[in-house]
Each structure stands twice: as structure tokens, then as C-alpha cells.
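Peer 1: Sharing a structure below in C-alpha cells format, with a few things to ask.
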Amino acid sequence: MTVRVRLAPSPTGFIHIGNLRTALYNFFLARKEKGTVILRFEDTDQTRYVPGAIEAFCRSLQALNLIPDEGIWIDDAGKLIEHGSYSPYLQSKRKDKHRAYADQLLEKGLAYPCFCTEARLEEMRQAQHSAGLPTRYDRHCRAISKEDGAELMKKHPYVLRLALPETGEISFTDSIRGKISFQWKEMDDQVIIKSDGMATYHLAATCDDHDMEITHVIRGEEWLSSTPKHLFIYQSFGWTPPQYAHVPLLLNADRSKLSKRQNDVSTESYLEKGYLPQALMNFLALLGWNPSGTQEIYTFDELAKAFDLSKVNKSGAVANFEKLDWLNTHYLNLLSDEEFLAYAEPPLLPIVTDIEMRHRLIACLKGRISKKADILTVAQDFLETDEIIDPTIIPWKKQEPKDVVERLRATVELFHLMKPEDWASSAALEAKVKQMIQDHEWGNGDTLWPLRVALSGKQKSPPPFDLLFVLGEEESVRRIKRAIASLGH
RNA sequence: GGCUCCAUCGUCUAAUGGUUAGGACAGCGGCUUUUCAAGCCGUUAAUAGGGGUUCAAUUCCCCUUGGAGCUACCA
């Protein structure tokens with residue numbers, strides 16, 4: 001039997017990074033087992049539907065190079081398309097199928113109509129709560145006979161509820177957690193058809209998973225407690241349930257469920273901030289699972305090949321975003337010059353209008369940034385300078401000001417003798433300046449420190465050769481003369 | 001409150017009966033004899049507590065404690 005897994009997001013906006021990790025695990029399993037990934041959108045809650053969310057979701061998956069094999073997708077023109085033989089893949093369009101299944105349950109006496117009002121339910125829950133009892137539907141309408149129920153359904157609004165067993169135990173084996181058991185008497189008679197006629201998640205996802213022949217349901221831990229209801233539906237129809245795997249949650253630093261209040265949770269915003277897809281995926285994949293051993297950097301293929309559901313951790317993982325920064329730095333350093341240019345150039349376009357200078361600057365940025373926000377900050381380290389330099393920071397250690405001025409002037413002299421090709425790289429500039437130091441029998445420190453401070457105006461800055469390379473001769477000379485002036489010469 | 005799940009350095013994790021409890025991020029220290037960054041090297045730091053089982057428990061069982069999820073006509 002070939003593996004079929006599904007991604008079943010709700011089109012309510014962005015891709016939560018926790019969902020992205022779950023999606024990743026689904027892809028890993030499918031790719032490892034040469035199976036199929038299905039993308040199905042769960043939009044049964046029409047009130048939460050966000051227009052454009054489906055398209056955005058597909059685009060984000062595309063940006064991450066996670067391309068499903070079947071289901072809803074987006075074409076080059078941005079239009080939604082569907083492929084695969086289990087259409088439709090938009091859950092709301094399966095409304096009639098869900099209703100038919102619900103009617104079968106009704107017929108078998110495994111579901112019943114409920115006419116309770118919102119107000120009564122609220123009141124009931126209040127009473128249960130204040131009595132210290134668990135809040136659960138009191139099965140008020142379960143006592144209505146099938147015939148009476150059918151009559152009432154013709155005249156009154158209703159929902160359909162599952163008629164769960166009242167005694168006994170249900171257990172199943174989770175691929176990650178092993179055997180899990182629940183007592184039926186603890187379970188709630190879940191609503192499966194809402195008063196608007198639409199199925200709830202529990203019925204819709206379960207029936208769709210069966211209809212689409214899903215073999216492995218890999219989803220978040222928040223679904224663990226409702227799995228018995230899903231199993232009940234499989235049992236009611238005599239279907240074989242899929243293998244379940246409930247992945248642990250991603251956590252905030254305080255160990256609560258990862259939330260927007262405390263963290264950025266949207267995949268899109270990480271991408272916008274300049275986290276590379278490979279860094280984000282490497283980071284997320286290893287939050288809750290790892291292939292054993294000491295390796296930290298993995299390609300998608302390596303992860304997929306090593307993936308093993310039974311080795312996914314059971315406990316929630318605090319997302320340590322400092323590690324993501326580290327990973328991103330690593331992947332950024334791996335980029336080719338062309339790729340890095342494409343990455344770093346956009347934010348600099350309005351800041352550095354001289355193309356040549358901008359490209360020189362970007363060449364020097366590599367290795368100094370871990371995300372997009374760093375680009376402008378680090379660029380400022382190269383470009384920004386105070387017009388008046390504190391003269392006390394220019395000399396190296398206890399160097400005499402006159403020696404400082406001598407070295408600075410010699411450097412400007414050196415520039416007059418240099419050819420354009422000497423300015424072609426930091427390395428070429430370094431060779432020239434170091435030759436000068438050697439010729440005068442000066443020290444690196446007493447020459448390069450003042451030169452660097454003169455160029456940057458700051459105690460801490462990039463190296464002098466990078467500064468010269470980026471700034472070019474004219475601006476370099478201007479800045480050096482400014483330093484000489486502030487030393488009183 | 002009830003149900004379910006979970007528990008190794010601050011964080012992510014490795015080690016499924018026998019290890020000096022390993023790696024990574026962060027931290028700290030050093031090197032790179034110009035600073036910063038990067039890089040390299042080194043280093044601090046953990047089996048929640050209590051009972052068992054066993055010749056031997058991070059590992060198996062129980063209890064306690066702590067944490068999380070669920071507890072909707074949301075997914």
C-alpha cells in the first residue's frame with residue numbers, strides 16, 4: 001500500500017510555523033516512502049474564511065519548494081487549480097458527501113439531532129462548571145426517539161451529534177506516542193453537522209481522509225484528545241482508520257503553545273525577514289526530531305531519507321530563534337556571490353544609489369549579517385560617519401598624534417601613486433597598504449588602527465581595507481583629511 | 001475542575017539496562033599579534049523528587065511534583 005498523507009490547513013491567513021513543521025514531517029514521510037502528499041483546504045468554518053488565503057498558502061509552499069503531488073494548487077497565472085482523482089479538495093465543496101455520511105450515522109442510530117439552543121447550552125455549562133463537574137453536553141436530545149427527531153428536524157433548526165458509547169474504553173496506537181486510551185464516558189457527543197448544514201472538522205476531516213485514502217494522519221498534538229471521536233466514525237462505517245501520529249507542539253519561551261503574542265508565528269514573515277527556506281526548514285525539522293548523532297546541517301533530502309515517525313519526540317519544543325539566526329548565517333555564507341547580491345541588494349537600493357559602490361558594499365556584507373534586518377545596520381557601519389571625530393580615539397594605544405598624522409598623510413600619498421586596479425578588491429588594497437607599512441618599517445597596529453578610525457569615524461568598525469574598497473578613493477581621502485583636521489593638523 | 005499527553009545542560013537534542021551522560025545554539029575564555037563581525041579552538045552547564053525491579057538504571061514500573069493540550073454549532 002502506498003503512503004498517502006495530507007496537508008489540511010484552514011484558509012484563515014498565513015502558515016503557522018508549527019503547521020509548517022507538521023507539513024514538513026508529512027513531506028518527509030511521503031518522500032521517504034515514495035508516497036503522495038495531498039493538499040486539501042478545510043474551510044468548513046465559513047465565518048473564518050479569509051479571501052486570498054488559499055492562494056497565499058500555495059505561494060508560500062512554493063517559495064519553500066514544498067510542492068504537493070495532489071489536490072489544490074496554484075498555476076503560473078495565480079489561478080487555483082486542482083489535480084488528482086479525489087476531487088473536490090476544497091472541503092466546503094464536499095458538504096453533500098459529509099451530509100450523506102451523517103445521514104447514514106443517523107440511520108444507524110450513531111448520531112442524533114440536537115435542538116438545544118445556544119443559551120441552554122451556555123446555561124448548562126455554567127451550571128456544570130459551578131458544580132465542579134466536567135463541562136460536557138448533557139445528552140438532553142439523545143432521549144428523543146428517532147421518529148420524533150425526524151419530525152422535529154422538519155420544523156426546527158438543529159445540529160447533528162455523535163451518539164458515542166456510554167461505557168467502555170477506546171485505545172489506539174499513535175506512531176509517536178504508542179498506546180493511548182480513553183474512556184468513552186469521558187467523551188462528549190460532538191457536533192458533526194452544524195445548524196448551517198456544514199460539517200464540523202471532526203466529520204469532514206475523517207470522511208475526507210477516508211475518501212481520499214489517506215494512510216497516515218500526521219497532525220498537531222492538539223488533536224490527540226479528539227481522536228477517539230474520529231475513530232468512532234471509522235468504526236461506525238467499518239472503515240480501516242489511518243495510522244495516527246500526533247506531533248508535539250512548538251512552544252514559547254515560557255513553555256506555553258507558541259503564540260503570536262510572544263513570537264512571530266507566520267512562515268511568511270520569517271521569509272520576509274530574510275530567513276532562507278533551507279534555514280527555516282532545517283531549524284523547524286530539528287525541533288522535535290533529529291536523525292541521531294551530532295550533525296546539525298541537513299538538506300531536505302537528507303532529512304527525508306532519515307525520517308522516522310517513531311523517533312519524533314513526545315514533548316513540546318521551545319523554539320530557540322537564536323539557533324535559527326545561526327543557521328541562517330550558515331546558509332547565507334553558502335550562497336554564491338550572485339545569490340547573495342540578489343538577497344542583499346533590494347534594501348540597499350534607496351540607500352546607496354551608486355551601483356558600483358553598492359555592489360562593493362554587498363561583497364563586504366557577506367559573513368556579517370544573519371538576516372535582512374542586519375543589512376541596513378551593517379551597511380551603516382560602512383557608510384555612516386560623524387563629520388567630527390573624537391581625536392582621542394584615532395591614535396593606537398599611546399601613539400603620538402604626530403605619528404598618526406604622518407601615517408595618514410603617507411596613505412593619502414600612496415593613493416596618488418596607485419592605479420585603478422589597485423582599488424579592485426579589499427585584498428589588492430591590503431597588499432598596497434601593507435607594502436607601504438613595510439617600506440616605512442611601521443607596525444600594522446599603529447598604521448591600520450588610525451586609518452580605520454579615520455575612515456569609519458568609529459572605534460569599532462569593519463576592517464580598513466573593506467572600508468577603502470567600499471568607499472573608493474575620493475571618499476576615503478576626504479575622510480582621512482577630516483581625521484587629520486580633527487587632530488589639529 | 002475533568003480527561004489525555006509529557007519530563008536529559010538556560011534552549012534544541014544524543015545515548016532505549018553497563019558512556020568520563022555526547023553534540024548544537026546561547027554564555028564564558030582564547031587564537032586570528034588593528035577593533036567589530038565571521039571563523040577556529042577551548043570551557044561552564046543536565047538525567048525534577050521519592051520509591052521499587054535488576055548485579056547494574058537517563059533508560060523499565062509506581063507515586064509525587066511540575067508543564068502542556070483538550071474540554072465550541074473553530075480548526
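Naming scheme: A, B, ... for chains in displayed order of the C-alpha cells; residues 1 onward per chain; ligands 1 onward as shown.
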Near chain B, meaning an atom within 8 Å, which residues of chain A appear when counting only C-alpha atoms (C1' of nucleotides)? Write them as a PyMOL selection string.
Peer 2: chain A and resi 10+42+45+129+132-136+159+182+186+191+193-195+201+221-226+255-257+286-288+290+292-296+314-320+322-323+326+367-368+444-446+448-449+452+459-463
Peer 1: Which is closer to G50 of chain B than all the others in B:U8, B:U20, B:U64, B:U32, using only C-alpha atoms (C1' of nucleotides)?
Peer 2: B:U64
Peer 1: From a DSSP calculation on the backbone, collect every residue of segment 191-283 of chain A in strand (DSSP E) and output the set as a list in words.
Peer 2: Val191, Ile192, Ile193, His216, Val217, Ile218, Arg219, Gly220, Gln243, Tyr244, Ala245, His246, Val247, Leu250 and Leu251 of chain A
Peer 1: With C-alpha atoms retained, export the selected residues as a compact mmCIF listing (two decimals), in the first residue's frame.
Peer 2:
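Just written: result-v3.txt:
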```txt
# COMPACT_ATOMS: atom_id res chain seq x y z
CA VAL A 191 -21.48 18.09 16.88
CA ILE A 192 -20.78 16.76 13.39
CA ILE A 193 -23.23 18.86 11.36
CA HIS A 216 -1.10 8.41 7.72
CA VAL A 217 -2.57 11.33 9.57
CA ILE A 218 0.31 13.40 10.89
CA ARG A 219 -1.11 16.38 12.75
CA GLY A 220 -0.58 18.54 15.81
CA GLN A 243 -2.10 5.45 11.20
CA TYR A 244 -2.15 8.48 13.51
CA ALA A 245 0.89 10.48 14.56
CA HIS A 246 0.40 13.46 16.83
CA VAL A 247 3.42 15.71 16.72
CA LEU A 250 6.03 24.27 19.34
CA LEU A 251 6.32 26.35 22.49
```
Peer 1: Write out as a PyMOL selection string which residues come within 12 Å of Pro228 of chain A when counting only C-alpha atoms (C1' of nucleotides), dropping same-chain ones fewer than 3 positions away.
Peer 2: (chain A and resi 162+164-165+169-174+180-190+202+206+223-225+231-236+241+244) or (chain B and resi 4)
Peer 1: Next, the residues of the selection above should be written as a CSV table (one decimal), in the first residue's frame with C-alpha atoms (C1' of nucleotides).
Peer 2:
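Once everything was written out, this is result.csv:
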```
chain,number,residue,atom,x,y,z
A,162,LEU,CA,-22.4,11.8,17.5
A,164,LEU,CA,-20.9,7.9,21.4
A,165,PRO,CA,-20.8,4.7,23.5
A,169,GLU,CA,-12.7,2.1,26.5
A,170,ILE,CA,-11.1,3.1,23.2
A,171,SER,CA,-7.4,2.8,22.6
A,172,PHE,CA,-5.2,3.2,19.6
A,173,THR,CA,-1.5,3.2,18.8
A,174,ASP,CA,0.0,6.5,17.9
A,180,ILE,CA,-3.2,5.8,24.1
A,181,SER,CA,-6.5,5.0,25.9
A,182,PHE,CA,-9.7,7.0,26.6
A,183,GLN,CA,-12.9,6.1,28.5
A,184,TRP,CA,-16.0,6.6,26.4
A,185,LYS,CA,-17.9,8.0,29.3
A,186,GLU,CA,-15.5,11.0,29.4
A,187,MET,CA,-16.2,11.9,25.8
A,188,ASP,CA,-18.6,14.5,24.5
A,189,ASP,CA,-21.3,13.9,21.9
A,190,GLN,CA,-19.6,16.0,19.4
A,202,HIS,CA,-14.4,16.0,13.1
A,206,THR,CA,-12.4,12.0,9.0
A,223,TRP,CA,-5.9,16.8,18.0
A,224,LEU,CA,-4.9,14.0,20.3
A,225,SER,CA,-7.9,14.2,22.6
A,231,LEU,CA,-12.0,6.6,15.4
A,232,PHE,CA,-15.7,6.2,16.3
A,233,ILE,CA,-16.6,7.4,12.9
A,234,TYR,CA,-14.2,5.0,11.2
A,235,GLN,CA,-15.7,2.2,13.3
A,236,SER,CA,-19.3,3.2,12.6
A,241,PRO,CA,-8.5,4.0,10.2
A,244,TYR,CA,-2.2,8.5,13.5
B,4,U,C1',-5.1,13.0,27.9
```
Peer 1: What is the distance, in Å and to one decimal place, between atom CA of Phe283 of chain A and atom CA of Phe321 of chain A?
Peer 2: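 These two atoms are separated by 8.8 Å.
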Peer 1: Between atom CA of Tyr137 of chain A and atom CA of Met124 of chain A, what is the distance, to one decimal in Å?
Peer 2: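 We find that atom CA of Tyr137 of chain A and atom CA of Met124 of chain A lie 8.0 Å from each other.
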Peer 1: Which residues are near G29 of chain B? Cut-off 12 Å, only C-alpha atoms (C1' of nucleotides), ignore same chain within fewer than 2 positions. Put them as a PyMOL selection string.
Peer 2: chain B and resi 27+31+41-44
Peer 1: Would you return as an MDAnalysis selection string the members of segment 166-324 of chain A that DSSP assigns to alpha helix (DSSP H) on this structure's backbone?
Peer 2: chainID A and resid 201:211 227:237 267:272 277:285 300:306 321:324
Peer 1: Those selected residues, please, written with C-alpha atoms and delivered as a compact mmCIF listing (two decimals), in the first residue's frame.
Peer 2:
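Just written: again-v3.txt:
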```txt
# COMPACT_ATOMS: atom_id res chain seq x y z
CA TYR A 201 -13.87 19.33 11.37
CA HIS A 202 -14.42 16.00 13.08
CA LEU A 203 -16.78 14.60 10.49
CA ALA A 204 -15.37 16.38 7.47
CA ALA A 205 -11.71 15.57 8.03
CA THR A 206 -12.44 11.99 8.98
CA CYS A 207 -14.66 11.25 5.99
CA ASP A 208 -12.39 13.10 3.59
CA ASP A 209 -9.36 11.24 4.89
CA HIS A 210 -11.18 8.00 4.25
CA ASP A 211 -12.47 9.03 0.83
CA THR A 227 -9.00 11.20 18.03
CA PRO A 228 -11.48 8.80 19.74
CA LYS A 229 -14.33 10.66 18.02
CA HIS A 230 -12.62 10.22 14.69
CA LEU A 231 -12.02 6.56 15.41
CA PHE A 232 -15.68 6.21 16.32
CA ILE A 233 -16.62 7.42 12.87
CA TYR A 234 -14.24 4.96 11.20
CA GLN A 235 -15.69 2.17 13.32
CA SER A 236 -19.26 3.18 12.58
CA PHE A 237 -18.70 2.75 8.86
CA THR A 267 6.15 31.49 7.88
CA GLU A 268 5.69 34.39 5.52
CA SER A 269 7.09 36.86 7.97
CA TYR A 270 10.20 34.74 8.54
CA LEU A 271 10.67 34.61 4.81
CA GLU A 272 10.19 38.36 4.57
CA PRO A 277 13.85 28.47 3.19
CA GLN A 278 16.60 25.92 3.75
CA ALA A 279 17.49 27.52 7.11
CA LEU A 280 13.89 27.71 8.24
CA MET A 281 13.23 24.12 7.29
CA ASN A 282 16.46 22.83 8.82
CA PHE A 283 15.55 24.67 12.01
CA LEU A 284 11.94 23.51 12.19
CA ALA A 285 12.68 19.92 11.24
CA PHE A 300 15.76 18.38 2.72
CA ASP A 301 16.70 15.09 1.04
CA GLU A 302 18.90 14.02 3.93
CA LEU A 303 16.09 14.73 6.36
CA ALA A 304 13.52 12.93 4.29
CA LYS A 305 15.77 9.92 3.91
CA ALA A 306 16.44 9.69 7.65
CA PHE A 321 15.23 31.53 17.45
CA GLU A 322 18.87 32.31 18.16
CA LYS A 323 19.64 28.98 16.62
CA LEU A 324 17.63 29.95 13.57
```
Peer 1: By how many Å are atom CA of Pro157 of chain A and atom CA of Cys141 of chain A apart?
Peer 2: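 It comes out at 13.0 Å.
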Peer 1: Would you list the contacts of Tyr49 of chain A as number ranges by chain, taking every protein, DNA or RNA residue within 8 Å and counting only C-alpha atoms (C1' of nucleotides), but skipping same-chain residues closer than 5 positions in sequence?
Peer 2: A: 10-12, 43
Peer 1: Tell me which of A:Ala410, A:Ala150, A:Ile355, A:Leu309 sits closest to Val470 of chain A, counting only C-alpha atoms.
Peer 2: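 For Val470 of chain A, the nearest of the candidates is A:Ile355.
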